[in-house]
Amino acid sequence: MSSEPISRPRPRSAWPGRLTGLAFGGDYNPEQWPEQLWPEDIALMRQAGVTMATLGVFSWACLETSEGVYDFGWFDRAVELLHAAGIALCLATPTASPPPWFSHQYPESLPVTAEGVTLGLGSREAFCPSSPAYRAAALRITGELAARYGSHPGLTLWHVNNEYGAHVQACYCEVSAEAFRVWLRRRYAGLGALNDAWGTAFWSQRYQEWEHITPPRASPMPVNPAQQLDWKRFSAEQHLECFRAERDLLRSVTPEVPITTNFMTTACPNIDYWRWADEVDVVSNDHYLTGEQQDNQIGLAMSADLTRSLARGRPWMLMEHSTGAVNWQPRNIAKLPGEMRRNSLSHVARGSDSVMFFQWRASRSGAEKFHSAMLPHGGTQTRKWHEVAELGTDIAALSALQGSTVNADVAIVWDWESAWALELEYRPSVDVRFLEQMSSYYGAFWRSGVTVDFVSPDADLSPYKLVVLPTLYLASAQTGQNLTSYVEGGGHLLVSFFSGIVDEHDAVHPGGYPGALRNVLGLWVDEFHPLAHAEGIVLDDGSEASVWSEAVLPEGAEVIRRFATGPDAGEPALTRHRLGQGLAWYVATKPDPDSLRALLSTVAEAAGVAQSGSPDRVEIVRRWAVDASYVFVINHEARPTTVPFGGTDLLTGQEHVGSTTVAPGEVVVLRQPV
Ligand code: GAL
């Protein structure tokens, strides 16, 4: 099998040179409005402190009215109005939504589902990423934009497409099937190697001809899991090829203009963003709160920290979030007064050098008309408008933060391939969910005031005091070696159940569980004992757990806690293995939130990781610059909080000496000289 290493060239450091301070603004869709209204838009943008606008994300049908026939006049005028007002241009290639004329002319470019249904028009993102007709048309409009606006003095950033893979993860058409076979031929030395890797001796699946291999279409029983994993890799790669083609074309015309595409780091499970992160000049992210979720600021923080980690610690851009409610959740909960500000400043605290929204002016028509915007339907008399304008003032006051970074002592391993494999059919328990595992560990650290980075399993772990694997079901032997070296060198590692089990083809590692992690953890697992729905168990220190139990047999690890109840009562539940200079902990169940927090606190303390003693819902994060650090204190509590340090609050100019009291729902950003 030919291996496909993630190429990790040193990323181009390309913060848009035309931006000073933090960027503030959003998607601007002037084509949805009469042109007489545009001057008012621009005047209000200035009033709100907007410094950057994203233009053209879904403008293809208005820019290319039939094949090769362009109408750039209106776009020219919008560009000039923005530029004359000193608003930087983030120009999007409109390739996320091909126009109706295109889909009619090239019906084979429409995406097909696993069930064989061709998706229709009248929506957006109706394209097959492998379609030669789509790819050619996307490059043509991209080339036209580059030629026309490439030398425009306002052009600050290229924004390619929109949220690749978010809505059509994979296309199952015949063109895609053929592209899949080509991709497989490159990946495997021959059909024999593919048959071995996929384990096709099972269920009479052995292939004699490449042409017989298909996408994992709707089928009577679960499709071969190795085939499904390769299909997911292939499909994500098809989107990446589309991105690369547009990016390379733009680069050839405007080598000095940075290029991004907006990720959805925690919300698009189909894309392995580790493979994408170094392909962009600037990492950017879209994040939308789950309105009905309690303490949804924690999910926001996780998305922001993951984005910073993809940017390898460098500043990144929040490309989209919402001023209030979205329109696509079952109940679209509006943000309370102050919530949009806390959300925005949490992203900045965690390394974003921009606060951008979808969108500038709320649409009158179309599917998103009840989505909040910077300028609501009610105009400048609305509460939202005033909050947006105040936020513009805050963001301007934070300009000194541009380029400053965030440090973390703890890293959580996040791996999309493992998530894909974990969530295929026929696992020991449907209750082991990737995002839930990540969120529970991340949330426990958040509540203890510990800032974390995320890392890929094969990353250099040496900068961290503690590395945590909430569940890494798929782990290669190389990953096992990386974790072993980290611990031997003095690192502290915490691994949770159902980790290290299979290789990259979803084949169980020889010798049983936990396969690739057996040596580093100093134990083996005789059998999994997943629990019944809602069944709870207790450990011998009284901590409570659910979902999972298993028979752990130490092979060098010492037993710290035992199960007190459940199928493994009396047997190890928490172990600790000394290896070289370091420690490897293993937890064989899913502790409830309080028990997990206590466990992580013990593990963090052993690793020498500082934990803030602040109340549960007070978020404290520090950004570092050369001459100062900036401490964000975001009070999500309904009562005031006092932190035991001072500094100059950039948002108010107020000096705090020795301690700082933050009112309910308020935020301070304290500058402390270093
Ligand atoms: C994003 C998308 C925007 C808008 C928004 C609504 O995913 O990029 O165009 O649709 O969702 O929340």
# chains A, B, ... in the order shown; residues from 1 in each chain; ligands from 1

call {"tool": "residues_near_ligand", "arguments": {"ligand": "ligand 1", "cutoff": "6 Å", "atoms": "only C-alpha atoms and all ligand atoms", "output": "list in words"}}
result
Asn162, Val326 and Phe358 of chain A

call {"tool": "residues_around", "arguments": {"residues": "Ala349 in chain A", "least_positions_apart": "6", "cutoff": "8 Å", "atoms": "only C-alpha atoms", "output": "NGL selection string"}}
result
:A and (621-623 or 631-632)

call {"tool": "residues_around", "arguments": {"residues": "Trp385 in chain A", "least_positions_apart": "4", "cutoff": "12 Å", "atoms": "only C-alpha atoms", "output": "JSON, numbers by chain"}}
result
{"A": [44, 45, 47, 48, 49, 323, 324, 337, 340, 360, 361, 362, 372, 373, 374, 375, 376, 377, 378, 379, 380, 381, 389, 390, 391, 392]}

call {"tool": "write_last_selection", "arguments": {"atoms": "C-alpha atoms", "output": "PDB file, in the first residue's frame"}}
result
ATOM      1  CA  LEU A  44     -23.895  52.216   8.648  1.00  0.00           C
ATOM      2  CA  MET A  45     -20.891  49.914   8.340  1.00  0.00           C
ATOM      3  CA  GLN A  47     -20.885  53.803  12.020  1.00  0.00           C
ATOM      4  CA  ALA A  48     -20.566  50.269  13.419  1.00  0.00           C
ATOM      5  CA  GLY A  49     -16.783  50.230  13.007  1.00  0.00           C
ATOM      6  CA  THR A 323     -25.372  38.223  16.262  1.00  0.00           C
ATOM      7  CA  GLY A 324     -28.395  36.326  17.602  1.00  0.00           C
ATOM      8  CA  PRO A 337     -28.176  41.035  25.972  1.00  0.00           C
ATOM      9  CA  MET A 340     -23.010  38.192  21.498  1.00  0.00           C
ATOM     10  CA  TRP A 360     -24.361  42.266   7.383  1.00  0.00           C
ATOM     11  CA  ARG A 361     -28.029  42.953   6.561  1.00  0.00           C
ATOM     12  CA  ALA A 362     -30.819  40.468   7.319  1.00  0.00           C
ATOM     13  CA  SER A 372     -30.007  37.270  12.766  1.00  0.00           C
ATOM     14  CA  ALA A 373     -27.677  39.824  11.190  1.00  0.00           C
ATOM     15  CA  MET A 374     -25.621  42.882  12.114  1.00  0.00           C
ATOM     16  CA  LEU A 375     -28.371  45.097  10.724  1.00  0.00           C
ATOM     17  CA  PRO A 376     -31.701  43.442  11.594  1.00  0.00           C
ATOM     18  CA  HIS A 377     -34.979  43.832   9.658  1.00  0.00           C
ATOM     19  CA  GLY A 378     -35.945  46.531  12.161  1.00  0.00           C
ATOM     20  CA  GLY A 379     -32.868  48.610  11.275  1.00  0.00           C
ATOM     21  CA  THR A 380     -30.988  50.964  13.557  1.00  0.00           C
ATOM     22  CA  GLN A 381     -33.709  51.210  16.173  1.00  0.00           C
ATOM     23  CA  ALA A 389     -22.069  49.167  17.121  1.00  0.00           C
ATOM     24  CA  GLU A 390     -20.808  48.861  20.712  1.00  0.00           C
ATOM     25  CA  LEU A 391     -18.988  45.674  19.805  1.00  0.00           C
ATOM     26  CA  GLY A 392     -17.304  47.545  16.944  1.00  0.00           C
TER      27      GLY A 392
END

call {"tool": "closest_atom_pairs", "arguments": {"of": "range 320-384 of chain A", "to": "range 637-660 of chain A", "cutoff": "12 Å", "atoms": "only C-alpha atoms", "output": "JSON lines"}}
result
{"residue": "A:Gly338", "atom": "CA", "partner": "A:Ala638", "partner_atom": "CA", "distance": 11.8}
{"residue": "A:Glu339", "atom": "CA", "partner": "A:Glu637", "partner_atom": "CA", "distance": 11.6}
{"residue": "A:Arg341", "atom": "CA", "partner": "A:Leu651", "partner_atom": "CA", "distance": 11.8}
{"residue": "A:Arg342", "atom": "CA", "partner": "A:Glu637", "partner_atom": "CA", "distance": 11.6}
{"residue": "A:Leu345", "atom": "CA", "partner": "A:Leu651", "partner_atom": "CA", "distance": 10.9}

call {"tool": "write_last_selection", "arguments": {"atoms": "N, CA, C and O atoms", "output": "PDB file, in the first residue's frame"}}
result
ATOM      1  N   GLY A 338     -25.769  41.066  25.864  1.00  0.00           N
ATOM      2  CA  GLY A 338     -24.401  40.792  26.328  1.00  0.00           C
ATOM      3  C   GLY A 338     -23.832  39.471  25.831  1.00  0.00           C
ATOM      4  O   GLY A 338     -22.615  39.264  25.866  1.00  0.00           O
ATOM      5  N   GLU A 339     -24.684  38.577  25.360  1.00  0.00           N
ATOM      6  CA  GLU A 339     -24.198  37.242  24.978  1.00  0.00           C
ATOM      7  C   GLU A 339     -23.346  37.290  23.708  1.00  0.00           C
ATOM      8  O   GLU A 339     -22.304  36.640  23.610  1.00  0.00           O
ATOM      9  N   ARG A 341     -21.564  39.681  22.747  1.00  0.00           N
ATOM     10  CA  ARG A 341     -20.273  40.289  23.105  1.00  0.00           C
ATOM     11  C   ARG A 341     -19.375  39.251  23.777  1.00  0.00           C
ATOM     12  O   ARG A 341     -18.194  39.114  23.431  1.00  0.00           O
ATOM     13  N   ARG A 342     -19.938  38.502  24.719  1.00  0.00           N
ATOM     14  CA  ARG A 342     -19.126  37.467  25.382  1.00  0.00           C
ATOM     15  C   ARG A 342     -18.660  36.429  24.358  1.00  0.00           C
ATOM     16  O   ARG A 342     -17.504  36.015  24.358  1.00  0.00           O
ATOM     17  N   LEU A 345     -15.840  37.910  22.224  1.00  0.00           N
ATOM     18  CA  LEU A 345     -14.576  38.118  22.927  1.00  0.00           C
ATOM     19  C   LEU A 345     -13.956  36.793  23.360  1.00  0.00           C
ATOM     20  O   LEU A 345     -12.737  36.704  23.519  1.00  0.00           O
TER      21      LEU A 345
END

call {"tool": "closest_atom_pairs", "arguments": {"of": "range 573-648 of chain A", "to": "range 294-311 of chain A", "cutoff": "10 Å", "atoms": "only C-alpha atoms", "output": "CSV"}}
result
residue,atom,partner,partner_atom,distance
A:Arg617,CA,A:Asp295,CA,8.4
A:Glu619,CA,A:Ile298,CA,9.3
A:His636,CA,A:Gln297,CA,8.5

call {"tool": "write_last_selection", "arguments": {"atoms": "C-alpha atoms", "output": "compact mmCIF listing (two decimals), in the first residue's frame"}}
result
# COMPACT_ATOMS: atom_id res chain seq x y z
CA ARG A 617 -18.57 29.71 34.72
CA GLU A 619 -13.67 32.01 31.64
CA HIS A 636 -20.87 33.93 32.40

call {"tool": "residues_around", "arguments": {"residues": "Ser235 in chain A", "least_positions_apart": "5", "cutoff": "9 Å", "atoms": "only C-alpha atoms", "output": "VMD selection string"}}
result
chain A and resid 129 to 130 165 169 to 171 176 180 230 240 270 to 271

call {"tool": "write_last_selection", "arguments": {"atoms": "N, CA and C atoms", "output": "CSV table (one decimal), in the first residue's frame"}}
result
chain,number,residue,atom,x,y,z
A,129,PRO,N,-18.2,17.2,-6.3
A,129,PRO,CA,-16.8,17.7,-6.2
A,129,PRO,C,-15.8,17.0,-7.2
A,130,SER,N,-16.2,15.9,-7.8
A,130,SER,CA,-15.4,15.2,-8.8
A,130,SER,C,-15.8,15.5,-10.2
A,165,GLY,N,-17.7,20.6,2.0
A,165,GLY,CA,-18.1,19.3,2.5
A,165,GLY,C,-19.1,19.4,3.6
A,169,GLN,N,-21.3,15.8,1.7
A,169,GLN,CA,-20.0,15.3,2.1
A,169,GLN,C,-19.4,14.4,1.0
A,170,ALA,N,-20.3,13.7,0.3
A,170,ALA,CA,-19.8,12.8,-0.7
A,170,ALA,C,-20.8,12.7,-1.8
A,171,CYS,N,-20.4,12.5,-3.0
A,171,CYS,CA,-21.3,12.3,-4.1
A,171,CYS,C,-21.1,10.8,-4.6
A,176,SER,N,-17.9,9.9,-9.7
A,176,SER,CA,-17.2,9.8,-8.4
A,176,SER,C,-16.7,8.4,-8.2
A,180,PHE,N,-13.0,7.4,-7.5
A,180,PHE,CA,-12.7,6.6,-6.3
A,180,PHE,C,-11.7,5.4,-6.7
A,230,ASP,N,-12.0,4.4,3.6
A,230,ASP,CA,-11.3,4.9,2.4
A,230,ASP,C,-12.3,5.9,1.6
A,240,LEU,N,-10.8,18.8,-1.2
A,240,LEU,CA,-9.5,19.5,-1.1
A,240,LEU,C,-8.9,19.7,-2.5
A,270,ASN,N,-17.1,15.6,8.4
A,270,ASN,CA,-16.6,14.9,7.2
A,270,ASN,C,-15.2,15.3,6.8
A,271,ILE,N,-14.7,16.4,7.3
A,271,ILE,CA,-13.4,16.9,6.7
A,271,ILE,C,-12.4,16.7,7.8

call {"tool": "atom_distance", "arguments": {"atom1": "CA of Pro100 in chain A", "atom2": "CA of Ala61 in chain A"}}
result
7.5 Å

call {"tool": "residues_around", "arguments": {"residues": "Gly366 in chain A", "least_positions_apart": "4", "cutoff": "12 Å", "atoms": "only C-alpha atoms", "output": "list of chain:residue names"}}
result
A:Gln32, A:Gly122, A:Ser123, A:Arg124, A:Asn327, A:Ala362, A:Phe370, A:His371

call {"tool": "write_last_selection", "arguments": {"atoms": "C-alpha atoms", "output": "tab-separated table (two decimals), in the first residue's frame"}}
result
chain	number	residue	atom	x	y	z
A	32	GLN	CA	-30.10	41.08	-2.52
A	122	GLY	CA	-33.26	25.81	-5.92
A	123	SER	CA	-31.02	25.47	-2.89
A	124	ARG	CA	-27.23	25.76	-2.80
A	327	ASN	CA	-32.70	29.92	11.37
A	362	ALA	CA	-30.82	40.47	7.32
A	370	PHE	CA	-35.07	34.72	10.02
A	371	HIS	CA	-31.35	34.41	10.64

call {"tool": "select_by_dssp", "arguments": {"residues": "range 294-507 of chain A", "states": "alpha helix (DSSP H)", "output": "compact mmCIF listing (two decimals) with N, CA, C and O atoms, in the first residue's frame"}}
result
# COMPACT_ATOMS: atom_id res chain seq x y z
N GLN A 297 -21.40 28.20 25.74
CA GLN A 297 -20.13 28.92 25.57
C GLN A 297 -18.94 27.95 25.64
O GLN A 297 -17.84 28.29 25.18
N ILE A 298 -19.17 26.75 26.18
CA ILE A 298 -18.05 25.79 26.27
C ILE A 298 -17.79 25.17 24.89
O ILE A 298 -16.65 25.03 24.46
N GLY A 299 -18.87 24.85 24.18
CA GLY A 299 -18.70 24.33 22.82
C GLY A 299 -18.05 25.37 21.91
O GLY A 299 -17.23 25.05 21.04
N LEU A 300 -18.43 26.63 22.14
CA LEU A 300 -17.81 27.72 21.36
C LEU A 300 -16.30 27.74 21.62
O LEU A 300 -15.49 27.81 20.69
N ALA A 301 -15.93 27.66 22.90
CA ALA A 301 -14.50 27.72 23.26
C ALA A 301 -13.75 26.54 22.65
O ALA A 301 -12.62 26.68 22.17
N MET A 302 -14.40 25.36 22.62
CA MET A 302 -13.75 24.19 22.05
C MET A 302 -13.49 24.40 20.56
O MET A 302 -12.40 24.09 20.05
N SER A 303 -14.47 24.96 19.88
CA SER A 303 -14.29 25.23 18.45
C SER A 303 -13.15 26.22 18.23
O SER A 303 -12.31 26.05 17.34
N ALA A 304 -13.10 27.25 19.06
CA ALA A 304 -12.05 28.26 18.92
C ALA A 304 -10.67 27.67 19.21
O ALA A 304 -9.70 27.91 18.49
N ASP A 305 -10.57 26.85 20.27
CA ASP A 305 -9.27 26.26 20.60
C ASP A 305 -8.82 25.26 19.53
O ASP A 305 -7.63 25.16 19.23
N LEU A 306 -9.78 24.54 18.97
CA LEU A 306 -9.42 23.61 17.89
C LEU A 306 -8.94 24.40 16.67
O LEU A 306 -7.97 24.01 16.00
N THR A 307 -9.59 25.51 16.39
CA THR A 307 -9.18 26.31 15.24
C THR A 307 -7.77 26.87 15.45
O THR A 307 -6.93 26.84 14.55
N ARG A 308 -7.51 27.37 16.66
CA ARG A 308 -6.15 27.88 16.95
C ARG A 308 -5.13 26.76 16.79
O ARG A 308 -4.02 26.97 16.28
N SER A 309 -5.49 25.56 17.21
CA SER A 309 -4.57 24.44 17.11
C SER A 309 -4.30 24.08 15.65
O SER A 309 -3.17 23.76 15.28
N LEU A 310 -5.35 24.16 14.82
CA LEU A 310 -5.14 23.91 13.39
C LEU A 310 -4.23 24.98 12.80
O LEU A 310 -3.44 24.71 11.91
N GLU A 339 -24.68 38.58 25.36
CA GLU A 339 -24.20 37.24 24.98
C GLU A 339 -23.35 37.29 23.71
O GLU A 339 -22.30 36.64 23.61
N MET A 340 -23.80 38.08 22.73
CA MET A 340 -23.01 38.19 21.50
C MET A 340 -21.62 38.75 21.80
O MET A 340 -20.62 38.34 21.21
N ARG A 341 -21.56 39.68 22.75
CA ARG A 341 -20.27 40.29 23.10
C ARG A 341 -19.38 39.25 23.78
O ARG A 341 -18.19 39.11 23.43
N ARG A 342 -19.94 38.50 24.72
CA ARG A 342 -19.13 37.47 25.38
C ARG A 342 -18.66 36.43 24.36
O ARG A 342 -17.50 36.02 24.36
N ASN A 343 -19.57 36.02 23.48
CA ASN A 343 -19.20 35.04 22.44
C ASN A 343 -18.03 35.56 21.60
O ASN A 343 -17.04 34.87 21.38
N SER A 344 -18.17 36.79 21.15
CA SER A 344 -17.15 37.38 20.26
C SER A 344 -15.80 37.46 20.97
O SER A 344 -14.76 37.10 20.41
N LEU A 345 -15.84 37.91 22.22
CA LEU A 345 -14.58 38.12 22.93
C LEU A 345 -13.96 36.79 23.36
O LEU A 345 -12.74 36.70 23.52
N SER A 346 -14.77 35.75 23.50
CA SER A 346 -14.20 34.43 23.79
C SER A 346 -13.39 33.94 22.59
O SER A 346 -12.30 33.37 22.74
N HIS A 347 -13.92 34.15 21.38
CA HIS A 347 -13.15 33.77 20.19
C HIS A 347 -11.82 34.54 20.16
O HIS A 347 -10.76 33.97 19.86
N VAL A 348 -11.90 35.83 20.45
CA VAL A 348 -10.67 36.64 20.42
C VAL A 348 -9.71 36.15 21.51
O VAL A 348 -8.50 36.01 21.28
N ALA A 349 -10.24 35.89 22.70
CA ALA A 349 -9.38 35.41 23.80
C ALA A 349 -8.61 34.17 23.38
O ALA A 349 -7.47 33.96 23.78
N ARG A 383 -32.31 46.73 19.38
CA ARG A 383 -31.27 46.48 20.41
C ARG A 383 -30.02 45.88 19.76
O ARG A 383 -28.90 46.25 20.08
N LYS A 384 -30.27 44.94 18.84
CA LYS A 384 -29.14 44.26 18.21
C LYS A 384 -28.19 45.25 17.53
O LYS A 384 -26.98 45.16 17.64
N TRP A 385 -28.78 46.20 16.81
CA TRP A 385 -27.93 47.17 16.11
C TRP A 385 -27.03 47.92 17.11
O TRP A 385 -25.83 48.09 16.88
N HIS A 386 -27.61 48.33 18.22
CA HIS A 386 -26.80 49.07 19.20
C HIS A 386 -25.70 48.19 19.76
O HIS A 386 -24.56 48.63 19.94
N GLU A 387 -26.02 46.94 19.99
CA GLU A 387 -24.99 46.02 20.52
C GLU A 387 -23.87 45.81 19.49
O GLU A 387 -22.71 45.72 19.84
N VAL A 388 -24.25 45.74 18.21
CA VAL A 388 -23.25 45.56 17.16
C VAL A 388 -22.31 46.77 17.12
O VAL A 388 -21.08 46.63 17.05
N ALA A 389 -22.89 47.95 17.18
CA ALA A 389 -22.07 49.17 17.12
C ALA A 389 -21.15 49.25 18.35
O ALA A 389 -19.97 49.63 18.23
N GLU A 390 -21.67 48.86 19.51
CA GLU A 390 -20.81 48.86 20.71
C GLU A 390 -19.69 47.83 20.58
O GLU A 390 -18.55 48.08 20.99
N LEU A 391 -20.02 46.70 20.00
CA LEU A 391 -18.99 45.67 19.81
C LEU A 391 -17.89 46.19 18.87
O LEU A 391 -16.70 45.93 19.08
N GLY A 392 -18.29 46.96 17.86
CA GLY A 392 -17.30 47.54 16.94
C GLY A 392 -16.31 48.42 17.72
O GLY A 392 -15.10 48.40 17.45
N THR A 393 -16.81 49.14 18.71
CA THR A 393 -15.93 49.98 19.53
C THR A 393 -14.99 49.10 20.36
O THR A 393 -13.80 49.38 20.48
N ASP A 394 -15.54 48.03 20.93
CA ASP A 394 -14.69 47.09 21.70
C ASP A 394 -13.57 46.52 20.85
O ASP A 394 -12.42 46.45 21.27
N ILE A 395 -13.95 46.08 19.66
CA ILE A 395 -12.95 45.41 18.81
C ILE A 395 -11.84 46.40 18.44
O ILE A 395 -10.65 46.05 18.42
N ALA A 396 -12.22 47.65 18.19
CA ALA A 396 -11.21 48.67 17.88
C ALA A 396 -10.27 48.88 19.07
O ALA A 396 -9.06 49.09 18.91
N ALA A 397 -10.83 48.78 20.28
CA ALA A 397 -10.01 49.00 21.49
C ALA A 397 -9.02 47.85 21.72
O ALA A 397 -8.11 47.97 22.54
N TRP A 416 -9.91 13.04 13.20
CA TRP A 416 -11.15 12.83 12.44
C TRP A 416 -11.25 11.40 11.93
O TRP A 416 -12.33 10.83 11.91
N GLU A 417 -10.13 10.81 11.53
CA GLU A 417 -10.22 9.44 10.99
C GLU A 417 -10.70 8.48 12.07
O GLU A 417 -11.51 7.58 11.81
N SER A 418 -10.22 8.69 13.28
CA SER A 418 -10.66 7.82 14.37
C SER A 418 -12.15 8.05 14.64
O SER A 418 -12.90 7.09 14.91
N ALA A 419 -12.59 9.29 14.54
CA ALA A 419 -14.01 9.60 14.75
C ALA A 419 -14.86 8.89 13.70
O ALA A 419 -15.90 8.31 14.01
N TRP A 420 -14.40 8.93 12.44
CA TRP A 420 -15.15 8.26 11.37
C TRP A 420 -15.30 6.77 11.69
O TRP A 420 -16.37 6.19 11.56
N ALA A 421 -14.18 6.16 12.07
CA ALA A 421 -14.20 4.72 12.32
C ALA A 421 -15.07 4.40 13.53
O ALA A 421 -15.84 3.44 13.52
N LEU A 422 -14.96 5.22 14.56
CA LEU A 422 -15.72 4.98 15.79
C LEU A 422 -17.22 4.98 15.53
O LEU A 422 -17.97 4.24 16.15
N PHE A 434 -18.01 10.28 19.44
CA PHE A 434 -16.77 11.06 19.40
C PHE A 434 -16.94 12.45 20.02
O PHE A 434 -16.22 12.83 20.95
N LEU A 435 -17.89 13.21 19.48
CA LEU A 435 -18.00 14.61 19.92
C LEU A 435 -18.37 14.69 21.39
O LEU A 435 -17.92 15.58 22.11
N GLU A 436 -19.15 13.74 21.83
CA GLU A 436 -19.54 13.75 23.24
C GLU A 436 -18.34 13.46 24.14
O GLU A 436 -18.16 14.10 25.18
N GLN A 437 -17.52 12.53 23.73
CA GLN A 437 -16.31 12.24 24.51
C GLN A 437 -15.39 13.46 24.56
O GLN A 437 -14.90 13.83 25.62
N MET A 438 -15.18 14.08 23.40
CA MET A 438 -14.30 15.25 23.36
C MET A 438 -14.89 16.37 24.22
O MET A 438 -14.18 17.01 24.99
N SER A 439 -16.20 16.57 24.09
CA SER A 439 -16.83 17.68 24.81
C SER A 439 -16.78 17.44 26.32
O SER A 439 -16.62 18.39 27.08
N SER A 440 -16.91 16.20 26.75
CA SER A 440 -16.93 16.00 28.20
C SER A 440 -15.54 16.26 28.79
O SER A 440 -15.41 16.91 29.82
N TYR A 441 -14.49 15.80 28.12
CA TYR A 441 -13.13 16.07 28.64
C TYR A 441 -12.79 17.56 28.51
O TYR A 441 -12.27 18.18 29.43
N TYR A 442 -13.12 18.13 27.34
CA TYR A 442 -12.83 19.54 27.15
C TYR A 442 -13.58 20.39 28.19
O TYR A 442 -13.02 21.30 28.81
N GLY A 443 -14.86 20.04 28.39
CA GLY A 443 -15.70 20.81 29.32
C GLY A 443 -15.16 20.76 30.74
O GLY A 443 -15.20 21.76 31.47
N ALA A 444 -14.63 19.61 31.15
CA ALA A 444 -14.07 19.51 32.51
C ALA A 444 -12.86 20.44 32.65
O ALA A 444 -12.69 21.12 33.67
N PHE A 445 -12.02 20.48 31.63
CA PHE A 445 -10.87 21.40 31.69
C PHE A 445 -11.35 22.85 31.69
O PHE A 445 -10.83 23.70 32.40
N TRP A 446 -12.34 23.15 30.84
CA TRP A 446 -12.86 24.52 30.74
C TRP A 446 -13.32 24.99 32.12
O TRP A 446 -13.01 26.09 32.56
N ARG A 447 -14.05 24.11 32.81
CA ARG A 447 -14.59 24.50 34.13
C ARG A 447 -13.49 24.66 35.16
O ARG A 447 -13.67 25.36 36.16
N ALA A 477 0.23 1.88 14.74
CA ALA A 477 1.39 1.50 15.55
C ALA A 477 2.29 2.72 15.75
O ALA A 477 2.88 2.92 16.81
N GLN A 478 2.37 3.55 14.72
CA GLN A 478 3.19 4.76 14.79
C GLN A 478 2.68 5.71 15.89
O GLN A 478 3.46 6.31 16.63
N THR A 479 1.36 5.80 16.01
CA THR A 479 0.78 6.62 17.08
C THR A 479 1.16 6.04 18.44
O THR A 479 1.54 6.78 19.36
N GLY A 480 1.06 4.71 18.55
CA GLY A 480 1.45 4.06 19.81
C GLY A 480 2.88 4.41 20.16
O GLY A 480 3.20 4.72 21.32
N GLN A 481 3.75 4.41 19.16
CA GLN A 481 5.17 4.72 19.38
C GLN A 481 5.34 6.18 19.79
O GLN A 481 6.13 6.51 20.69
N ASN A 482 4.59 7.05 19.14
CA ASN A 482 4.69 8.49 19.46
C ASN A 482 4.31 8.74 20.92
O ASN A 482 4.98 9.48 21.64
N LEU A 483 3.22 8.08 21.35
CA LEU A 483 2.76 8.28 22.73
C LEU A 483 3.74 7.66 23.72
O LEU A 483 4.01 8.22 24.79
N THR A 484 4.31 6.51 23.35
CA THR A 484 5.29 5.86 24.22
C THR A 484 6.52 6.77 24.40
O THR A 484 6.99 6.98 25.52
N SER A 485 7.03 7.31 23.31
CA SER A 485 8.22 8.18 23.40
C SER A 485 7.91 9.41 24.25
O SER A 485 8.75 9.86 25.03
N TYR A 486 6.70 9.92 24.08
CA TYR A 486 6.32 11.11 24.86
C TYR A 486 6.37 10.80 26.35
O TYR A 486 6.93 11.56 27.15
N VAL A 487 5.79 9.67 26.74
CA VAL A 487 5.77 9.32 28.18
C VAL A 487 7.18 9.00 28.65
O VAL A 487 7.62 9.48 29.71
N GLU A 488 7.92 8.21 27.88
CA GLU A 488 9.29 7.88 28.30
C GLU A 488 10.11 9.13 28.54
O GLU A 488 10.94 9.18 29.44

call {"tool": "select_by_dssp", "arguments": {"residues": "range 372-575 of chain A", "states": "strand (DSSP E or B)", "output": "PyMOL selection string"}}
result
chain A and resi 375+405+410-413+452-455+466-469+474+492-496+502+508+513+523-528+536-539+544-546+550-554+558-563+572-575

call {"tool": "atom_distance", "arguments": {"atom1": "CA of His159 in chain A", "atom2": "CA of Arg350 in chain A"}}
result
22.0 Å

call {"tool": "closest_residue", "arguments": {"among": "A:Arg427, A:Lys369, A:His321, A:Arg217", "to": "Gly116 in chain A", "atoms": "only C-alpha atoms"}}
result
A:Arg217

call {"tool": "closest_atom_pairs", "arguments": {"of": "range 385-504 of chain A", "to": "range 572-591 of chain A", "cutoff": "6 Å", "atoms": "only C-alpha atoms", "output": "Markdown table"}}
result
| residue | atom | partner | partner_atom | distance |
| --- | --- | --- | --- | --- |
| A:Val487 | CA | A:Gly582 | CA | 4.6 |
| A:Glu488 | CA | A:Gly580 | CA | 4.1 |
| A:Gly489 | CA | A:Gln581 | CA | 5.5 |
| A:Gly490 | CA | A:Gly582 | CA | 3.8 |
| A:Gly491 | CA | A:Gly582 | CA | 4.9 |
| A:His492 | CA | A:Leu583 | CA | 4.9 |
| A:Leu493 | CA | A:Ala584 | CA | 4.6 |
| A:Leu494 | CA | A:Trp585 | CA | 4.6 |
| A:Val495 | CA | A:Tyr586 | CA | 4.9 |
| A:Ser496 | CA | A:Val587 | CA | 4.9 |
| A:Phe497 | CA | A:Ala588 | CA | 4.8 |

call {"tool": "atom_distance", "arguments": {"atom1": "CA of Pro220 in chain A", "atom2": "CA of Trp203 in chain A"}}
result
12.3 Å
